[in-house]
Amino acid sequence: MVPGVAVGESPLHVLAKGDQWWHAYEALPYLLLHRPDLEARDPQGNTPLHKALSSMGAHRPFFHNDPFFQKHAATLLVTAGADVNAVTMNGRTCPSDALATCDIELVQLLISQGARVTGRDVLAAIESLHPPALDMLLSTPKMPSEETEVSPPEPVHEHIRDYGPRALYHAAVAMHNEEPGRGAQMGREEQTQKSCKTRSSMLRTLLAHGADPLGTIRLPKYPRPWIRARHNSDDEGPLRDEPSTVLHQVLLSNGMVEPFLELPTLDLEQRNEAGQTMLLAACHNASAFSSPVSLLSPANTAPEPLITHLLRRGADPSAVDNDGLTALHSAVTSQVYFSSTEEEKAFAAQLQSLILIPALRAAINAPDKAGNNPLHHAIQAGHGDATITVLLSAGADPRSVNPVTGDNALHVLARRLGSRGAKVPVAMFERFAKLGADVNLRNAHGETPMFRAVAEADLQIRHGPPDPYGDDDDLDGARAEAMWQMFEEIGVNFAARDDRGRSLLHVAAGKVEPVWDQTVGVYEKLLKMGVDPLVLDDRERTSVDVAAACRNEAALALFEREDGRWRSDGEE
């Protein structure tokens, strides 16, 4: 293997990379006099011109760091007649390679020699954070439509998918680095301001050239586990590519919206495929309650949160989407990860302002089409005491039941009980029980909240040294013991049976958990609570039969087999 020469490269590829000054200024001109194959391809489909352009941004030793060698090589190749419309196997065009280097002169040279501007090139200009280059591309006559596909050379080793989101979405949402190395030289605030100004300029350029903010894009839809039922799917992965308009998706993704809101013809009640208005889409994004509309406001100007701005401009607060979600449902339905208690309290304060709107206060207990009211959504999404207290103070009913599933707040909370980060959910479980939520309510499957807890939460009692990777919200042995004691105090019926005749022990037996030293497993704990291990379900199985079928060794170790039947160690 020759240093600097990759497998499959021709001599022209090697010289085009400009690793040495004489490659570009002596060897390349000499080789071009002998009419080499300008369109020779390496295994990745790169022509020599691609190599010259892409090498301009490559990392090099300090004594080879001047991209002038590669620029000179690229200019020689274009002048010699290299195909400026050649495309690599992964879809890179010559203009997109040049844009990656922020060299607008090279882009102009390529276009002057007949390079066609594609959607890929527009995205490359956005990624390079180069507004003049973007404006030049969009001003190029006879620019193909955004839907135009670029055909790679044969053979095609894999299907080239779409190049990504549309340019507007890309500019508004995608975060890109600025010039390499500049981040270390600039303060964080200065860098953010510079990036915001650049992205804002690009968005205005795209809109000025006719980009449609209500054009359709498709992005993967990841359903939340608790609302999968509304899609009739048990798949936890990407459900499907779901269409939406650019602006709605920008609002959902906490992207830059100010240039869109400046459009004089913007209709705030325009809906996307999910039936969301601008306000409903923004409410799905918790940051919209605190993030200012303008990221470039003067220092002496109080920033206006996006939600406040939309309502001030007349957005309809009573709008409902296709799933029956109001702005209040939408505000609490997304999973949140507040970095501090103060951040959560700030969100709760903004939510309280939203609830003051009569139309939304009237919907405080309204179920969506899946049967969940705002309180259920807030619990499911992991909101803490601050948000829950705001909803309860506004009239949310802690005893409310989902009319579709039969679940109450305790069914929803039950899956969050467990060792990791369960301190708040456990306290909330007790709080709702004391507020009147039925701890033994049977849902549509005959399951009480405790069935959900045993099936989905980690209720083991771990004694011994604390987990070195844990935090203050985890349940150690003492807290877990207190949780089980709380279950008894609020009146949990441990002998309950579901519609299939299963006891809690049947559920625990089918859930194989690693039980380490100094750990009391759920099955063992339920036995100590007096649950009968030998009751039969509708399939004539005891919980011990289920444990044997599921190879739950920890549960089976509590029994011994005698005369064809299971007997616990303490049974006479």
# chains A, B, ... in the order shown; residues from 1 in each chain; ligands from 1
>>> residues_around(residues="A:Ala80", least_positions_apart="5", cutoff="9 Å", atoms="only C-alpha atoms", output="MDAnalysis selection string")
chainID A and resid 32 38 75
>>> residues_around(residues="A:Pro213", least_positions_apart="5", cutoff="9 Å", atoms="only C-alpha atoms", output="PyMOL selection string")
chain A and resi 168-169+207+245-248+260
>>> write_last_selection(atoms="C-alpha atoms", output="PDB file, in the first residue's frame")
ATOM      1  CA  LEU A 168     -36.844  25.241   5.233  1.00  0.00           C
ATOM      2  CA  TYR A 169     -37.063  22.601   7.946  1.00  0.00           C
ATOM      3  CA  LEU A 207     -38.978  32.391   1.964  1.00  0.00           C
ATOM      4  CA  THR A 245     -46.259  20.850   7.084  1.00  0.00           C
ATOM      5  CA  VAL A 246     -42.851  22.440   7.467  1.00  0.00           C
ATOM      6  CA  LEU A 247     -44.022  25.155   9.858  1.00  0.00           C
ATOM      7  CA  HIS A 248     -45.986  22.803  12.111  1.00  0.00           C
ATOM      8  CA  PHE A 260     -42.298  32.453   9.471  1.00  0.00           C
TER       9      PHE A 260
END
>>> residues_around(residues="stretch 326-335 of chain A", least_positions_apart="4", cutoff="6 Å", atoms="only C-alpha atoms", output="ChimeraX atom specification")
/A:280,283-284,320,374,377-378,381
>>> write_last_selection(atoms="C-alpha atoms", output="JSON list (two decimals), in the first residue's frame")
[["chain", "number", "residue", "atom", "x", "y", "z"],
["A", 280, "LEU", "CA", -51.62, 23.11, 19.14],
["A", 283, "CYS", "CA", -48.05, 23.42, 22.83],
["A", 284, "HIS", "CA", -46.56, 19.96, 22.21],
["A", 320, "VAL", "CA", -58.96, 20.48, 19.00],
["A", 374, "PRO", "CA", -54.97, 16.40, 30.73],
["A", 377, "HIS", "CA", -51.44, 12.86, 30.10],
["A", 378, "ALA", "CA", -49.38, 14.80, 32.63],
["A", 381, "ALA", "CA", -45.48, 12.05, 30.52]]
>>> select_by_dssp(residues="stretch 337-562 of chain A", states="strand (DSSP E or B)", output="PyMOL selection string")
chain A and resi 401+408+461-462+519-520+559-562
>>> select_by_dssp(residues="stretch 352-411 of chain A", states="alpha helix (DSSP H)", output="ChimeraX atom specification")
/A:352-355,358-361,374-380,385-393,409-411
>>> closest_residue(among="A:Arg500, A:Lys369, A:His383, A:Lys197", to="A:Pro425", atoms="only C-alpha atoms")
A:His383
>>> residues_around(residues="stretch 302-307 of chain A", least_positions_apart="3", cutoff="7 Å", atoms="only C-alpha atoms", output="PDB file with N, CA and C atoms, in the first residue's frame")
ATOM      1  N   LEU A 279     -51.004  26.842  17.212  1.00  0.00           N
ATOM      2  CA  LEU A 279     -50.965  26.836  18.673  1.00  0.00           C
ATOM      3  C   LEU A 279     -50.865  25.417  19.210  1.00  0.00           C
ATOM      4  N   ALA A 282     -47.362  24.060  18.713  1.00  0.00           N
ATOM      5  CA  ALA A 282     -46.406  24.694  19.623  1.00  0.00           C
ATOM      6  C   ALA A 282     -46.570  24.177  21.050  1.00  0.00           C
ATOM      7  N   ALA A 288     -41.727  25.901  24.197  1.00  0.00           N
ATOM      8  CA  ALA A 288     -42.464  27.027  23.624  1.00  0.00           C
ATOM      9  C   ALA A 288     -43.097  27.898  24.696  1.00  0.00           C
ATOM     10  N   PHE A 289     -43.196  27.372  25.926  1.00  0.00           N
ATOM     11  CA  PHE A 289     -43.778  28.156  27.006  1.00  0.00           C
ATOM     12  C   PHE A 289     -42.770  29.129  27.607  1.00  0.00           C
ATOM     13  N   SER A 290     -41.496  28.918  27.317  1.00  0.00           N
ATOM     14  CA  SER A 290     -40.469  29.794  27.875  1.00  0.00           C
ATOM     15  C   SER A 290     -39.553  30.386  26.807  1.00  0.00           C
ATOM     16  N   SER A 291     -39.378  29.673  25.681  1.00  0.00           N
ATOM     17  CA  SER A 291     -38.475  30.162  24.638  1.00  0.00           C
ATOM     18  C   SER A 291     -39.066  31.400  23.972  1.00  0.00           C
ATOM     19  N   PRO A 292     -38.261  32.456  23.798  1.00  0.00           N
ATOM     20  CA  PRO A 292     -38.774  33.667  23.152  1.00  0.00           C
ATOM     21  C   PRO A 292     -38.989  33.462  21.661  1.00  0.00           C
ATOM     22  N   VAL A 293     -39.943  34.206  21.111  1.00  0.00           N
ATOM     23  CA  VAL A 293     -40.189  34.144  19.671  1.00  0.00           C
ATOM     24  C   VAL A 293     -38.944  34.579  18.930  1.00  0.00           C
ATOM     25  N   SER A 297     -33.690  39.450  20.171  1.00  0.00           N
ATOM     26  CA  SER A 297     -34.288  40.634  20.775  1.00  0.00           C
ATOM     27  C   SER A 297     -33.215  41.484  21.457  1.00  0.00           C
ATOM     28  N   LEU A 310     -48.511  33.683  20.139  1.00  0.00           N
ATOM     29  CA  LEU A 310     -49.574  33.141  19.286  1.00  0.00           C
ATOM     30  C   LEU A 310     -50.951  33.515  19.818  1.00  0.00           C
ATOM     31  N   LEU A 311     -51.128  33.434  21.129  1.00  0.00           N
ATOM     32  CA  LEU A 311     -52.417  33.798  21.717  1.00  0.00           C
ATOM     33  C   LEU A 311     -52.687  35.289  21.548  1.00  0.00           C
TER      34      LEU A 311
END
>>> residues_around(residues="A:Glu489", least_positions_apart="3", cutoff="12 Å", atoms="only C-alpha atoms", output="PyMOL selection string")
chain A and resi 430+433-434+439+482-486+492-493
>>> write_last_selection(atoms="N, CA and C atoms", output="compact mmCIF listing (two decimals), in the first residue's frame")
# COMPACT_ATOMS: atom_id res chain seq x y z
N GLU A 430 -49.50 7.76 46.64
CA GLU A 430 -50.16 7.89 47.94
C GLU A 430 -51.05 9.13 47.96
N ALA A 433 -54.30 8.43 46.09
CA ALA A 433 -55.15 7.52 46.86
C ALA A 433 -55.87 8.28 47.97
N LYS A 434 -55.17 9.18 48.64
CA LYS A 434 -55.78 9.96 49.72
C LYS A 434 -56.77 10.99 49.18
N VAL A 439 -58.01 2.64 44.81
CA VAL A 439 -56.79 1.83 44.71
C VAL A 439 -57.08 0.42 44.21
N ALA A 482 -40.99 0.91 52.81
CA ALA A 482 -42.01 1.91 53.14
C ALA A 482 -43.09 1.96 52.06
N MET A 483 -42.68 1.74 50.80
CA MET A 483 -43.66 1.73 49.70
C MET A 483 -44.66 0.59 49.89
N TRP A 484 -44.15 -0.60 50.20
CA TRP A 484 -45.05 -1.74 50.41
C TRP A 484 -45.94 -1.51 51.62
N GLN A 485 -45.41 -0.87 52.63
CA GLN A 485 -46.22 -0.56 53.81
C GLN A 485 -47.32 0.44 53.43
N MET A 486 -46.97 1.39 52.55
CA MET A 486 -47.95 2.36 52.08
C MET A 486 -49.07 1.66 51.32
N VAL A 492 -54.73 -1.53 49.53
CA VAL A 492 -54.58 -2.35 48.33
C VAL A 492 -55.04 -3.78 48.61
N ASN A 493 -55.87 -4.31 47.73
CA ASN A 493 -56.34 -5.70 47.84
C ASN A 493 -55.36 -6.61 47.11
>>> closest_residue(among="A:Ser54, A:Thr93, A:Ser10, A:Ser400", to="A:Pro36", atoms="only C-alpha atoms")
A:Ser10
>>> residues_around(residues="A:His72", least_positions_apart="2", cutoff="12 Å", atoms="only C-alpha atoms", output="ChimeraX atom specification")
/A:15-18,20-26,28-29,49,52-53,55-56,66-70,74-79,105-106
>>> write_last_selection(atoms="C-alpha atoms", output="PDB file, in the first residue's frame")
ATOM      1  CA  LEU A  15      -2.791  14.204  -7.789  1.00  0.00           C
ATOM      2  CA  ALA A  16      -6.214  15.881  -7.510  1.00  0.00           C
ATOM      3  CA  LYS A  17      -6.060  15.581  -3.710  1.00  0.00           C
ATOM      4  CA  GLY A  18      -3.164  18.065  -3.723  1.00  0.00           C
ATOM      5  CA  GLN A  20       1.937  18.243  -2.147  1.00  0.00           C
ATOM      6  CA  TRP A  21       2.254  21.574  -3.923  1.00  0.00           C
ATOM      7  CA  TRP A  22       3.905  19.952  -6.908  1.00  0.00           C
ATOM      8  CA  HIS A  23       0.964  17.556  -7.310  1.00  0.00           C
ATOM      9  CA  ALA A  24      -1.283  20.490  -8.250  1.00  0.00           C
ATOM     10  CA  TYR A  25       1.250  22.763  -9.959  1.00  0.00           C
ATOM     11  CA  GLU A  26       3.559  20.378 -11.842  1.00  0.00           C
ATOM     12  CA  LEU A  28      -1.331  17.433 -12.610  1.00  0.00           C
ATOM     13  CA  PRO A  29      -0.815  19.866 -15.540  1.00  0.00           C
ATOM     14  CA  LEU A  49     -12.898  16.446  -9.397  1.00  0.00           C
ATOM     15  CA  ALA A  52     -10.083  17.748  -5.304  1.00  0.00           C
ATOM     16  CA  LEU A  53     -13.208  19.416  -3.919  1.00  0.00           C
ATOM     17  CA  SER A  55     -10.003  17.250  -0.012  1.00  0.00           C
ATOM     18  CA  MET A  56     -10.234  21.001   0.539  1.00  0.00           C
ATOM     19  CA  ASP A  66      -3.510  25.199   2.635  1.00  0.00           C
ATOM     20  CA  PRO A  67      -6.593  24.294   0.541  1.00  0.00           C
ATOM     21  CA  PHE A  68      -5.193  26.476  -2.250  1.00  0.00           C
ATOM     22  CA  PHE A  69      -3.476  23.391  -3.753  1.00  0.00           C
ATOM     23  CA  GLN A  70      -6.779  21.511  -4.032  1.00  0.00           C
ATOM     24  CA  ALA A  74     -10.155  21.568  -9.063  1.00  0.00           C
ATOM     25  CA  THR A  75      -9.922  24.607 -11.325  1.00  0.00           C
ATOM     26  CA  LEU A  76      -7.550  22.770 -13.683  1.00  0.00           C
ATOM     27  CA  LEU A  77      -9.888  19.752 -13.859  1.00  0.00           C
ATOM     28  CA  VAL A  78     -12.977  21.887 -14.577  1.00  0.00           C
ATOM     29  CA  THR A  79     -11.097  23.815 -17.266  1.00  0.00           C
ATOM     30  CA  GLU A 105     -15.841  31.171  -6.130  1.00  0.00           C
ATOM     31  CA  LEU A 106     -15.587  27.461  -6.857  1.00  0.00           C
TER      32      LEU A 106
END
>>> closest_residue(among="A:Ile364, A:Ala509, A:Val544, A:Leu410", to="A:Phe559", atoms="only C-alpha atoms")
A:Val544
>>> residues_around(residues="A:Leu392", least_positions_apart="4", cutoff="12 Å", atoms="only C-alpha atoms", output="PDB file with C-alpha atoms, in the first residue's frame")
ATOM      1  CA  ALA A 348     -46.029  25.071  35.712  1.00  0.00           C
ATOM      2  CA  GLN A 352     -51.319  28.058  34.963  1.00  0.00           C
ATOM      3  CA  ILE A 355     -55.538  27.404  32.145  1.00  0.00           C
ATOM      4  CA  ARG A 361     -60.298  25.762  31.958  1.00  0.00           C
ATOM      5  CA  ILE A 364     -59.680  20.526  32.392  1.00  0.00           C
ATOM      6  CA  ASN A 365     -61.389  17.109  32.652  1.00  0.00           C
ATOM      7  CA  PRO A 374     -54.969  16.397  30.734  1.00  0.00           C
ATOM      8  CA  LEU A 375     -54.245  14.983  34.203  1.00  0.00           C
ATOM      9  CA  HIS A 376     -53.742  11.476  32.792  1.00  0.00           C
ATOM     10  CA  ALA A 378     -49.384  14.805  32.634  1.00  0.00           C
ATOM     11  CA  ILE A 379     -48.880  11.708  34.790  1.00  0.00           C
ATOM     12  CA  ASP A 385     -45.628  17.804  41.669  1.00  0.00           C
ATOM     13  CA  ALA A 386     -45.557  21.374  40.368  1.00  0.00           C
ATOM     14  CA  THR A 387     -47.482  20.596  37.171  1.00  0.00           C
ATOM     15  CA  ILE A 388     -49.853  18.112  38.844  1.00  0.00           C
ATOM     16  CA  ALA A 396     -58.763  18.341  37.560  1.00  0.00           C
ATOM     17  CA  ASP A 397     -60.546  15.353  39.125  1.00  0.00           C
ATOM     18  CA  PRO A 398     -58.067  12.977  40.825  1.00  0.00           C
ATOM     19  CA  ARG A 399     -60.743  10.228  40.756  1.00  0.00           C
ATOM     20  CA  SER A 400     -61.377  10.478  37.001  1.00  0.00           C
ATOM     21  CA  ARG A 431     -51.360  11.449  47.316  1.00  0.00           C
ATOM     22  CA  PHE A 432     -53.912  10.384  44.694  1.00  0.00           C
ATOM     23  CA  LEU A 435     -57.571  12.289  47.270  1.00  0.00           C
TER      24      LEU A 435
END
>>> atom_distance(atom1="atom CA of A:Ala480", atom2="atom CA of A:Pro449")
17.3 Å
>>> closest_residue(among="A:Arg218, A:Arg415, A:His170, A:Arg199", to="A:Arg452", atoms="only C-alpha atoms")
A:Arg415
>>> closest_residue(among="A:Ala394, A:Pro259, A:Ala286, A:Glu513", to="A:Ala346", atoms="only C-alpha atoms")
A:Ala286
